[in-house]
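This report concerns only the one structure given below.
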Amino acid sequence: MKVKVISRSTDEFTRERSQDLQRVFRNFDPTLRSQEKAVEYVRALNAAKLDKIFARPFIGAMDGHRDSIKCMAKNPNYLKAIFSGSDDGDIRLWDMASRRTVCQFPGHQGAVQGLTVSTDGSILVSCGSDCTVRLWNVSDANLADSDYLSDNSAKPQAVYVWKNAFRAVDHQWDGDLFATAGAQVDVWNHNRSQPVNTFDWGSDTTISIRFNPGEPNILATSANDRSITLYDLRMSSPARKVIMRTKTNSIAWNPMEPMNFTAANEDCNCYSYDARKLEEAKCVHKDHVSAVMDIDFSPTGREFVTGSYDRTVRIFQYNGGHSREIYHTKRMQRVFCVKYSCDASYVISGSDDTNLRLWKAKASEQLGVVLPRERKKQEYLEAVKNRYKHLPEVKRIVRHRHLPKPVYKAANLRRTMIEAERRKEQRRKAHSAPGSIVTEPVRKRRIIKEVE
């Protein structure tokens, strides 16, 4: 009689060294593993709970300024350097790894309103309410030496005095031009003490300015007259303008989709636009309960961070209506500027309480060296969470956020007001002639008109 047996080579399941992983052979036939979905669901539930337990987004504060921090700039050439400017005219270069001041740039007699760094990382441009634009040489020695003395001061390479105060500045991508915002939009060259071009559309002050990362000659601005304007440096006049119901405080272009930009508005929302179709917003990002002061996109273009007057920092998906994360501390006051780090791992916020704060972009992310085994496990748990995120229990845990009491109360009040407005609209529509009242979608409601 023949007996069939399963035979395996001992080499297949014997470890070469004691540190090696034990090989486990599994049969993934679903008929043999009837409880597979239940097991995966429990894993997703546990992963969501553990994410909440290990969520420690705050890394540390960088202290040194003596007044409100109004602007920040990243150095595209150097990962851990961040520049900050404050209301007392002080500009500092920080080393994010050691959270210390590397160098100071004194000279401004009033508040520093705008900072930007050239694409090659060699020149820092600053402007302020003292009607001056200052160019600073950012040497590699200053950046590379984290043990640099904090009392080291740099001298400006050039100082350009102009007729009016400045509110913002931005540098052209891969070019020698930079643009300032104030009473009008001025375009400057590094080597010229006078603007090479000036644009003016309306009489109100321009408060923010951003060059397009894909098309270097296009720039977007927002002004006190509630307008968002697109300029083309190759033309002698502005290209297009859209007027909203409330003022836009800041603008950020999506680095991966350079035709799209997002505007941080006074009405607590952010609006994403396609520059080719300004009569309607692509997406409305809600959740803040006070004016959104600043916005910055992640280098991946999939997320952006916002800072608000309600003393919170939020992270949104580029196409998501609600924030995926909210950061706050008891001491943090009104947030005036936010930036993503160049590797998309960290978020930096500057606020009214004179501090810069460093946060993790993913609240529960493990810092330090992650072994390949750990990374695979994290990727698996993330995939399982994503698969079961629609189920009520997992959804409830993932969406839950602890809010400061003032923000929680303000959010409830805002929700009540919006609901009352919606009911009022429904009643007005019900008691009017059919077709006489057209309900506009939220994406169009906040836009008054587009001007070309």
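By convention in this document, the chains of the structure tokens carry letters A, B, ... by their order, each chain's residues are numbered from 1, and ligands are numbered from 1 in the order they are shown.
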Shell around stretch 356-368 of chain A at 6 Å using only C-alpha atoms, local window under 2 positions removed, as a PyMOL selection string: chain A and resi 51+54-62+345-350
Just to be explicit: take each residue in the selection above, keep N, CA and C atoms, and write the result as a PDB file, in the first residue's frame.
```pdb
ATOM      1  N   ASP A  51      -3.484  54.599  16.927  1.00  0.00           N
ATOM      2  CA  ASP A  51      -3.119  55.883  16.322  1.00  0.00           C
ATOM      3  C   ASP A  51      -3.483  57.038  17.238  1.00  0.00           C
ATOM      4  N   PHE A  54      -1.088  57.085  20.371  1.00  0.00           N
ATOM      5  CA  PHE A  54       0.283  57.535  20.116  1.00  0.00           C
ATOM      6  C   PHE A  54       0.357  58.861  19.373  1.00  0.00           C
ATOM      7  N   ALA A  55      -0.776  59.557  19.216  1.00  0.00           N
ATOM      8  CA  ALA A  55      -0.774  60.846  18.519  1.00  0.00           C
ATOM      9  C   ALA A  55      -0.132  61.909  19.409  1.00  0.00           C
ATOM     10  N   ARG A  56       1.107  62.242  19.124  1.00  0.00           N
ATOM     11  CA  ARG A  56       1.835  63.290  19.847  1.00  0.00           C
ATOM     12  C   ARG A  56       2.437  64.232  18.803  1.00  0.00           C
ATOM     13  N   PRO A  57       1.622  65.137  18.234  1.00  0.00           N
ATOM     14  CA  PRO A  57       2.124  65.923  17.097  1.00  0.00           C
ATOM     15  C   PRO A  57       3.121  67.013  17.463  1.00  0.00           C
ATOM     16  N   PHE A  58       3.011  67.567  18.686  1.00  0.00           N
ATOM     17  CA  PHE A  58       3.858  68.705  19.051  1.00  0.00           C
ATOM     18  C   PHE A  58       5.273  68.236  19.379  1.00  0.00           C
ATOM     19  N   ILE A  59       6.271  68.822  18.678  1.00  0.00           N
ATOM     20  CA  ILE A  59       7.662  68.430  18.898  1.00  0.00           C
ATOM     21  C   ILE A  59       8.365  69.424  19.814  1.00  0.00           C
ATOM     22  N   GLY A  60       8.198  70.722  19.539  1.00  0.00           N
ATOM     23  CA  GLY A  60       8.847  71.708  20.402  1.00  0.00           C
ATOM     24  C   GLY A  60       8.618  73.119  19.897  1.00  0.00           C
ATOM     25  N   ALA A  61       8.934  74.100  20.753  1.00  0.00           N
ATOM     26  CA  ALA A  61       8.782  75.517  20.407  1.00  0.00           C
ATOM     27  C   ALA A  61      10.150  76.152  20.225  1.00  0.00           C
ATOM     28  N   MET A  62      10.230  77.116  19.314  1.00  0.00           N
ATOM     29  CA  MET A  62      11.468  77.855  19.082  1.00  0.00           C
ATOM     30  C   MET A  62      11.252  79.278  19.573  1.00  0.00           C
ATOM     31  N   SER A 345       7.458  66.300   6.107  1.00  0.00           N
ATOM     32  CA  SER A 345       7.347  65.542   7.357  1.00  0.00           C
ATOM     33  C   SER A 345       6.893  66.404   8.528  1.00  0.00           C
ATOM     34  N   TYR A 346       7.142  67.707   8.437  1.00  0.00           N
ATOM     35  CA  TYR A 346       6.867  68.588   9.570  1.00  0.00           C
ATOM     36  C   TYR A 346       6.070  69.816   9.130  1.00  0.00           C
ATOM     37  N   VAL A 347       5.428  70.426  10.112  1.00  0.00           N
ATOM     38  CA  VAL A 347       4.705  71.683   9.911  1.00  0.00           C
ATOM     39  C   VAL A 347       5.244  72.684  10.919  1.00  0.00           C
ATOM     40  N   ILE A 348       5.490  73.924  10.468  1.00  0.00           N
ATOM     41  CA  ILE A 348       5.981  74.978  11.365  1.00  0.00           C
ATOM     42  C   ILE A 348       4.932  76.089  11.406  1.00  0.00           C
ATOM     43  N   SER A 349       4.606  76.533  12.609  1.00  0.00           N
ATOM     44  CA  SER A 349       3.624  77.615  12.758  1.00  0.00           C
ATOM     45  C   SER A 349       4.243  78.761  13.551  1.00  0.00           C
ATOM     46  N   GLY A 350       3.887  79.990  13.168  1.00  0.00           N
ATOM     47  CA  GLY A 350       4.354  81.178  13.883  1.00  0.00           C
ATOM     48  C   GLY A 350       3.150  81.957  14.375  1.00  0.00           C
TER      49      GLY A 350
END
```
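Proximity to A:Asn191 at 10 Å, evaluated using only C-alpha atoms and with sequence-adjacent residues fewer than 4 positions away removed, yields Ala158, Asp176 and Leu177 of chain A.
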Tell me which protein, DNA and RNA residues are within 10 Å of stretch 384-401 of chain A, counting only C-alpha atoms, leaving out same-chain ones fewer than 6 positions away, and put them as JSON, numbers by chain. {"A": [37, 40, 41, 42, 43, 44, 45, 46, 47, 48, 49, 51, 52, 323, 324, 325, 326, 327, 378]}
Could you tell me how far atom CA of A:Trp201 lies from atom CA of A:Arg276, in Å and to one decimal?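 Value for the atom CA of A:Trp201-atom CA of A:Arg276 distance: 19.5 Å.
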So, counting only C-alpha atoms, which residue among A:Ser237, A:Ser341, A:Asn265, A:Ser290 is closest to A:Lys74? A:Ser341
So which residues touch stretch 407-422 of chain A within 8 Å, counting only C-alpha atoms, skipping near sequence neighbours fewer than 5 positions away, as a JSON list (two decimals) with N, CA and C atoms, in the first residue's frame?
```json
[["chain", "number", "residue", "atom", "x", "y", "z"],
["A", 287, "ASP", "N", -14.04, 74.23, 8.38],
["A", 287, "ASP", "CA", -13.75, 73.73, 9.73],
["A", 287, "ASP", "C", -13.25, 74.82, 10.67],
["A", 288, "HIS", "N", -12.48, 75.79, 10.14],
["A", 288, "HIS", "CA", -12.02, 76.88, 11.02],
["A", 288, "HIS", "C", -13.22, 77.69, 11.51],
["A", 289, "VAL", "N", -13.08, 78.30, 12.68],
["A", 289, "VAL", "CA", -14.18, 79.09, 13.23],
["A", 289, "VAL", "C", -13.83, 80.59, 13.28],
["A", 310, "ASP", "N", -8.32, 81.65, 15.06],
["A", 310, "ASP", "CA", -8.94, 80.91, 16.18],
["A", 310, "ASP", "C", -7.91, 80.11, 16.99]]
```
Interface rows for stretch 254-359 of chain A against stretch 437-451 of chain A: nearest pair, Å to one decimal, 10 Å, only C-alpha atoms, as JSON lines:
```
{"residue": "A:Asp267", "atom": "CA", "partner": "A:Arg446", "partner_atom": "CA", "distance": 9.3}
{"residue": "A:Tyr271", "atom": "CA", "partner": "A:Arg443", "partner_atom": "CA", "distance": 8.0}
{"residue": "A:Ser272", "atom": "CA", "partner": "A:Arg443", "partner_atom": "CA", "distance": 9.3}
{"residue": "A:Tyr273", "atom": "CA", "partner": "A:Arg443", "partner_atom": "CA", "distance": 9.6}
{"residue": "A:Lys277", "atom": "CA", "partner": "A:Glu450", "partner_atom": "CA", "distance": 9.7}
{"residue": "A:Leu278", "atom": "CA", "partner": "A:Glu450", "partner_atom": "CA", "distance": 7.0}
{"residue": "A:Glu279", "atom": "CA", "partner": "A:Glu450", "partner_atom": "CA", "distance": 6.1}
{"residue": "A:Glu280", "atom": "CA", "partner": "A:Lys444", "partner_atom": "CA", "distance": 5.1}
{"residue": "A:Ala281", "atom": "CA", "partner": "A:Arg443", "partner_atom": "CA", "distance": 4.9}
{"residue": "A:Lys282", "atom": "CA", "partner": "A:Arg443", "partner_atom": "CA", "distance": 7.0}
{"residue": "A:Cys283", "atom": "CA", "partner": "A:Arg443", "partner_atom": "CA", "distance": 6.7}
{"residue": "A:Val284", "atom": "CA", "partner": "A:Arg443", "partner_atom": "CA", "distance": 6.4}
```
Selected residues written out, N, CA, C and O atoms, as a PDB file, in the first residue's frame:
```
ATOM      1  N   ASP A 267     -13.744  84.462   5.816  1.00  0.00           N
ATOM      2  CA  ASP A 267     -15.018  83.874   6.245  1.00  0.00           C
ATOM      3  C   ASP A 267     -14.848  82.467   6.829  1.00  0.00           C
ATOM      4  O   ASP A 267     -15.783  81.672   6.818  1.00  0.00           O
ATOM      5  N   TYR A 271     -10.749  78.291  -0.237  1.00  0.00           N
ATOM      6  CA  TYR A 271     -11.372  78.018  -1.531  1.00  0.00           C
ATOM      7  C   TYR A 271     -10.298  77.622  -2.543  1.00  0.00           C
ATOM      8  O   TYR A 271      -9.340  78.372  -2.749  1.00  0.00           O
ATOM      9  N   SER A 272     -10.471  76.442  -3.157  1.00  0.00           N
ATOM     10  CA  SER A 272      -9.542  75.994  -4.202  1.00  0.00           C
ATOM     11  C   SER A 272     -10.107  76.373  -5.561  1.00  0.00           C
ATOM     12  O   SER A 272     -11.273  76.085  -5.853  1.00  0.00           O
ATOM     13  N   TYR A 273      -9.270  76.997  -6.385  1.00  0.00           N
ATOM     14  CA  TYR A 273      -9.682  77.459  -7.713  1.00  0.00           C
ATOM     15  C   TYR A 273      -8.806  76.835  -8.789  1.00  0.00           C
ATOM     16  O   TYR A 273      -7.635  76.504  -8.547  1.00  0.00           O
ATOM     17  N   LYS A 277     -10.570  78.879 -14.668  1.00  0.00           N
ATOM     18  CA  LYS A 277     -12.022  78.934 -14.518  1.00  0.00           C
ATOM     19  C   LYS A 277     -12.341  79.531 -13.143  1.00  0.00           C
ATOM     20  O   LYS A 277     -12.618  78.813 -12.182  1.00  0.00           O
ATOM     21  N   LEU A 278     -12.294  80.857 -13.062  1.00  0.00           N
ATOM     22  CA  LEU A 278     -12.398  81.525 -11.764  1.00  0.00           C
ATOM     23  C   LEU A 278     -13.833  81.817 -11.330  1.00  0.00           C
ATOM     24  O   LEU A 278     -14.051  82.290 -10.225  1.00  0.00           O
ATOM     25  N   GLU A 279     -14.811  81.523 -12.190  1.00  0.00           N
ATOM     26  CA  GLU A 279     -16.186  81.858 -11.802  1.00  0.00           C
ATOM     27  C   GLU A 279     -16.759  80.888 -10.776  1.00  0.00           C
ATOM     28  O   GLU A 279     -17.837  81.111 -10.230  1.00  0.00           O
ATOM     29  N   GLU A 280     -16.022  79.810 -10.478  1.00  0.00           N
ATOM     30  CA  GLU A 280     -16.517  78.818  -9.518  1.00  0.00           C
ATOM     31  C   GLU A 280     -15.339  78.163  -8.807  1.00  0.00           C
ATOM     32  O   GLU A 280     -14.330  77.837  -9.439  1.00  0.00           O
ATOM     33  N   ALA A 281     -15.448  77.992  -7.487  1.00  0.00           N
ATOM     34  CA  ALA A 281     -14.396  77.304  -6.731  1.00  0.00           C
ATOM     35  C   ALA A 281     -14.485  75.800  -6.980  1.00  0.00           C
ATOM     36  O   ALA A 281     -15.576  75.248  -7.105  1.00  0.00           O
ATOM     37  N   LYS A 282     -13.322  75.141  -7.040  1.00  0.00           N
ATOM     38  CA  LYS A 282     -13.327  73.682  -7.237  1.00  0.00           C
ATOM     39  C   LYS A 282     -13.754  72.965  -5.963  1.00  0.00           C
ATOM     40  O   LYS A 282     -14.396  71.928  -6.008  1.00  0.00           O
ATOM     41  N   CYS A 283     -13.339  73.532  -4.825  1.00  0.00           N
ATOM     42  CA  CYS A 283     -13.633  72.882  -3.548  1.00  0.00           C
ATOM     43  C   CYS A 283     -13.641  73.936  -2.449  1.00  0.00           C
ATOM     44  O   CYS A 283     -12.871  74.907  -2.493  1.00  0.00           O
ATOM     45  N   VAL A 284     -14.514  73.757  -1.461  1.00  0.00           N
ATOM     46  CA  VAL A 284     -14.562  74.642  -0.295  1.00  0.00           C
ATOM     47  C   VAL A 284     -14.114  73.836   0.919  1.00  0.00           C
ATOM     48  O   VAL A 284     -14.678  72.777   1.206  1.00  0.00           O
TER      49      VAL A 284
END
```
DSSP on the backbone: which residues in stretch 209-425 of chain A end up as helix (DSSP H, G or I)? Give the answer as JSON, numbers by chain. {"A": [372, 373, 374, 375, 376, 377, 378, 379, 380, 381, 382, 383, 384, 385, 386, 387, 392, 393, 394, 395, 396, 397, 398, 399, 405, 406, 407, 408, 409, 410, 411, 412, 413, 414, 415, 416, 417, 418, 419, 420, 421, 422, 423, 424, 425]}
Would you work out the distance separating atom CA of A:Pro372 from atom CA of A:Gln19, expressed in Å to one decimal?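 Separation between atom CA of A:Pro372 and atom CA of A:Gln19: 14.8 Å.
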DSSP strand (DSSP E or B) selection over stretch 184-375 of chain A, as an NGL selection string: :A and (185-189 or 197-199 or 206-211 or 218-223 or 227-232 or 240-244 or 248-253 or 260-265 or 270-274 or 277 or 283-286 or 292-297 or 303-308 or 313-317 or 322-327 or 335-340 or 346-351 or 355-360)
At a cut-off of 10 Å, using only C-alpha atoms, what residues contact A:Pro238? Leave out same-chain residues fewer than 5 positions from it and give the result as JSON, numbers by chain. {"A": [199, 200, 201, 219, 220, 229, 230, 231, 232, 233, 452]}
Output for the residues just chosen: all heavy atoms as a compact mmCIF listing (two decimals), in the first residue's frame:
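As a result, result_29.txt now contains:
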```txt
# COMPACT_ATOMS: atom_id res chain seq x y z
N PHE A 199 2.43 96.94 -11.58
CA PHE A 199 1.03 96.68 -11.97
C PHE A 199 0.12 97.33 -10.94
O PHE A 199 0.40 97.32 -9.74
CB PHE A 199 0.75 95.17 -11.98
CG PHE A 199 1.51 94.43 -13.05
CD1 PHE A 199 2.63 93.69 -12.73
CD2 PHE A 199 1.08 94.43 -14.36
CE1 PHE A 199 3.33 92.99 -13.69
CE2 PHE A 199 1.76 93.74 -15.34
CZ PHE A 199 2.90 93.01 -15.00
N ASP A 200 -1.00 97.86 -11.42
CA ASP A 200 -1.95 98.49 -10.52
C ASP A 200 -3.36 98.26 -11.06
O ASP A 200 -3.65 98.58 -12.21
CB ASP A 200 -1.65 100.00 -10.45
CG ASP A 200 -2.34 100.65 -9.25
OD1 ASP A 200 -3.01 99.92 -8.52
OD2 ASP A 200 -2.18 101.88 -9.07
N TRP A 201 -4.22 97.67 -10.24
CA TRP A 201 -5.61 97.45 -10.65
C TRP A 201 -6.48 97.76 -9.42
O TRP A 201 -6.61 96.96 -8.53
CB TRP A 201 -5.81 96.02 -11.12
CG TRP A 201 -7.12 95.80 -11.84
CD1 TRP A 201 -8.15 96.67 -11.94
CD2 TRP A 201 -7.52 94.64 -12.56
NE1 TRP A 201 -9.17 96.13 -12.66
CE2 TRP A 201 -8.81 94.88 -13.06
CE3 TRP A 201 -6.92 93.41 -12.82
CZ2 TRP A 201 -9.52 93.94 -13.82
CZ3 TRP A 201 -7.61 92.48 -13.57
CH2 TRP A 201 -8.89 92.74 -14.07
N LEU A 219 1.70 85.31 -11.70
CA LEU A 219 1.62 85.46 -10.24
C LEU A 219 0.21 85.84 -9.84
O LEU A 219 -0.54 86.44 -10.61
CB LEU A 219 2.65 86.48 -9.73
CG LEU A 219 2.64 87.92 -10.20
CD1 LEU A 219 1.84 88.78 -9.24
CD2 LEU A 219 4.06 88.45 -10.25
N ALA A 220 -0.17 85.43 -8.63
CA ALA A 220 -1.50 85.69 -8.09
C ALA A 220 -1.37 86.59 -6.86
O ALA A 220 -0.43 86.44 -6.07
CB ALA A 220 -2.20 84.39 -7.73
N THR A 229 -6.34 88.48 -7.93
CA THR A 229 -5.95 88.92 -9.27
C THR A 229 -4.81 88.07 -9.80
O THR A 229 -3.89 87.72 -9.06
CB THR A 229 -5.51 90.40 -9.24
OG1 THR A 229 -6.47 91.17 -8.51
CG2 THR A 229 -5.38 90.97 -10.63
N LEU A 230 -4.88 87.73 -11.09
CA LEU A 230 -3.81 87.02 -11.78
C LEU A 230 -3.08 88.00 -12.69
O LEU A 230 -3.71 88.75 -13.43
CB LEU A 230 -4.37 85.85 -12.60
CG LEU A 230 -5.05 84.73 -11.82
CD1 LEU A 230 -5.55 83.66 -12.77
CD2 LEU A 230 -4.11 84.11 -10.80
N TYR A 231 -1.74 87.98 -12.62
CA TYR A 231 -0.91 88.83 -13.46
C TYR A 231 -0.01 87.96 -14.34
O TYR A 231 0.43 86.89 -13.91
CB TYR A 231 -0.01 89.74 -12.61
CG TYR A 231 -0.75 90.73 -11.75
CD1 TYR A 231 -1.17 90.39 -10.47
CD2 TYR A 231 -1.02 92.01 -12.21
CE1 TYR A 231 -1.84 91.30 -9.67
CE2 TYR A 231 -1.68 92.94 -11.41
CZ TYR A 231 -2.09 92.58 -10.15
OH TYR A 231 -2.76 93.49 -9.36
N ASP A 232 0.28 88.45 -15.54
CA ASP A 232 1.25 87.82 -16.43
C ASP A 232 2.34 88.84 -16.70
O ASP A 232 2.06 89.93 -17.24
CB ASP A 232 0.56 87.38 -17.73
CG ASP A 232 1.46 86.48 -18.57
OD1 ASP A 232 2.69 86.55 -18.38
OD2 ASP A 232 0.94 85.72 -19.40
N LEU A 233 3.58 88.52 -16.33
CA LEU A 233 4.67 89.49 -16.48
C LEU A 233 4.97 89.81 -17.93
O LEU A 233 5.60 90.81 -18.24
CB LEU A 233 5.94 88.94 -15.80
CG LEU A 233 5.86 88.64 -14.30
CD1 LEU A 233 7.22 88.28 -13.76
CD2 LEU A 233 5.28 89.82 -13.54
N GLU A 452 -12.33 90.61 -16.39
CA GLU A 452 -11.19 90.28 -17.27
C GLU A 452 -10.64 91.54 -17.90
O GLU A 452 -11.35 92.51 -18.09
CB GLU A 452 -11.64 89.31 -18.36
CG GLU A 452 -11.90 87.91 -17.82
CD GLU A 452 -11.98 86.87 -18.91
OE1 GLU A 452 -11.48 87.14 -20.03
OE2 GLU A 452 -12.53 85.80 -18.66
```
Write out as a PyMOL selection string the residues lying within 7 Å of A:Thr248, counting only C-alpha atoms and excluding same-chain residues fewer than 2 positions away. chain A and resi 222+226+246+250+263-266
Residues from last step as file, C-alpha atoms, as a PDB file, in the first residue's frame:
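Written file, again-v2.pdb:
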```pdb
ATOM      1  CA  SER A 222      -5.069  89.161  -3.068  1.00  0.00           C
ATOM      2  CA  ARG A 226     -11.717  91.369  -1.585  1.00  0.00           C
ATOM      3  CA  THR A 246     -14.882  88.625   1.988  1.00  0.00           C
ATOM      4  CA  SER A 250      -3.205  84.441   1.660  1.00  0.00           C
ATOM      5  CA  ALA A 263      -7.122  80.970  -1.081  1.00  0.00           C
ATOM      6  CA  ALA A 264      -7.340  81.439   2.713  1.00  0.00           C
ATOM      7  CA  ASN A 265     -10.365  83.640   3.373  1.00  0.00           C
ATOM      8  CA  GLU A 266     -11.737  85.842   6.164  1.00  0.00           C
TER       9      GLU A 266
END
```
Polymer residues at most 12 Å from A:Trp136, only C-alpha atoms, same-chain spacing of 2 or more positions, as number ranges by chain: A: 83, 91-93, 103-107, 115-118, 121-127, 133-134, 138-139, 153-160, 190
With N, CA and C atoms retained, export the selected residues as a short mmCIF file (atom, residue, chain, number, x, y, z; two decimals), in the first residue's frame.
```
data_model
loop_
_atom_site.label_atom_id
_atom_site.label_comp_id
_atom_site.auth_asym_id
_atom_site.auth_seq_id
_atom_site.Cartn_x
_atom_site.Cartn_y
_atom_site.Cartn_z
N PHE A 83 13.40 80.58 8.01
CA PHE A 83 13.55 82.00 8.34
C PHE A 83 12.24 82.51 8.91
N ILE A 91 14.73 89.51 12.05
CA ILE A 91 14.67 88.33 11.16
C ILE A 91 15.65 87.32 11.70
N ARG A 92 15.21 86.07 11.82
CA ARG A 92 16.08 85.03 12.36
C ARG A 92 16.10 83.81 11.45
N LEU A 93 17.25 83.16 11.44
CA LEU A 93 17.40 81.87 10.76
C LEU A 93 17.48 80.80 11.83
N CYS A 103 21.34 82.45 12.99
CA CYS A 103 21.84 83.76 12.57
C CYS A 103 20.69 84.78 12.65
N GLN A 104 21.04 86.04 12.89
CA GLN A 104 20.06 87.12 12.92
C GLN A 104 20.35 88.13 11.81
N PHE A 105 19.29 88.76 11.30
CA PHE A 105 19.42 89.73 10.21
C PHE A 105 18.77 91.04 10.65
N PRO A 106 19.48 91.89 11.39
CA PRO A 106 18.89 93.14 11.89
C PRO A 106 18.92 94.23 10.83
N GLY A 107 18.05 95.22 10.96
CA GLY A 107 18.09 96.35 10.03
C GLY A 107 16.73 97.00 9.82
N LEU A 115 8.93 87.64 3.70
CA LEU A 115 10.23 86.99 3.53
C LEU A 115 10.13 86.00 2.38
N THR A 116 11.19 85.89 1.60
CA THR A 116 11.23 84.86 0.55
C THR A 116 12.70 84.55 0.25
N VAL A 117 12.94 83.34 -0.24
CA VAL A 117 14.30 82.89 -0.56
C VAL A 117 14.35 82.52 -2.03
N SER A 118 15.45 82.88 -2.70
CA SER A 118 15.61 82.53 -4.11
C SER A 118 15.66 81.01 -4.27
N GLY A 121 18.62 79.20 -3.15
CA GLY A 121 18.86 79.27 -1.70
C GLY A 121 19.96 80.22 -1.29
N SER A 122 20.44 81.10 -2.20
CA SER A 122 21.58 81.95 -1.86
C SER A 122 21.18 83.33 -1.37
N ILE A 123 19.97 83.80 -1.75
CA ILE A 123 19.58 85.18 -1.39
C ILE A 123 18.24 85.17 -0.65
N LEU A 124 18.22 85.86 0.49
CA LEU A 124 16.99 86.08 1.24
C LEU A 124 16.51 87.50 0.97
N VAL A 125 15.23 87.63 0.61
CA VAL A 125 14.63 88.96 0.36
C VAL A 125 13.63 89.24 1.47
N SER A 126 13.74 90.40 2.09
CA SER A 126 12.80 90.79 3.14
C SER A 126 12.23 92.17 2.83
N CYS A 127 10.99 92.39 3.24
CA CYS A 127 10.37 93.71 3.07
C CYS A 127 9.54 94.01 4.31
N VAL A 133 13.16 97.33 0.93
CA VAL A 133 13.38 95.93 0.55
C VAL A 133 14.85 95.64 0.78
N ARG A 134 15.16 94.58 1.49
CA ARG A 134 16.55 94.25 1.81
C ARG A 134 16.90 92.87 1.26
N VAL A 138 22.76 84.57 1.97
CA VAL A 138 22.64 83.44 2.91
C VAL A 138 23.75 82.46 2.58
N SER A 139 24.84 82.51 3.35
CA SER A 139 25.98 81.65 3.05
C SER A 139 25.74 80.23 3.54
N SER A 153 25.34 88.26 13.59
CA SER A 153 24.44 89.11 12.81
C SER A 153 24.97 89.28 11.40
N ALA A 154 24.05 89.25 10.44
CA ALA A 154 24.43 89.43 9.04
C ALA A 154 24.13 90.87 8.62
N LYS A 155 24.81 91.31 7.55
CA LYS A 155 24.58 92.65 7.01
C LYS A 155 23.92 92.51 5.63
N PRO A 156 23.00 93.44 5.31
CA PRO A 156 22.30 93.32 4.02
C PRO A 156 23.24 93.52 2.84
N GLN A 157 22.99 92.76 1.78
CA GLN A 157 23.76 92.89 0.55
C GLN A 157 23.33 94.14 -0.22
N ALA A 158 22.02 94.46 -0.12
CA ALA A 158 21.49 95.66 -0.78
C ALA A 158 20.25 96.13 -0.04
N VAL A 159 20.01 97.45 -0.02
CA VAL A 159 18.81 98.02 0.58
C VAL A 159 18.16 98.94 -0.45
N TYR A 160 16.90 98.64 -0.79
CA TYR A 160 16.17 99.47 -1.75
C TYR A 160 15.04 100.18 -1.02
N HIS A 190 17.25 91.49 -8.90
CA HIS A 190 18.27 91.51 -7.84
C HIS A 190 19.23 92.69 -7.99
#
```
Looking at only C-alpha atoms, which of A:Ser227, A:Asn212, A:Gln113, A:Gln194 is the one that sits closest to A:Gln172?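 Of A:Ser227, A:Asn212, A:Gln113, A:Gln194, the one nearest A:Gln172 is A:Asn212, counting only C-alpha atoms.
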Between atom CA of A:Cys342 and atom CA of A:Ser86, what distance in Å does the model show, to one decimal?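 For atom CA of A:Cys342 relative to atom CA of A:Ser86, the distance reads 21.9 Å.
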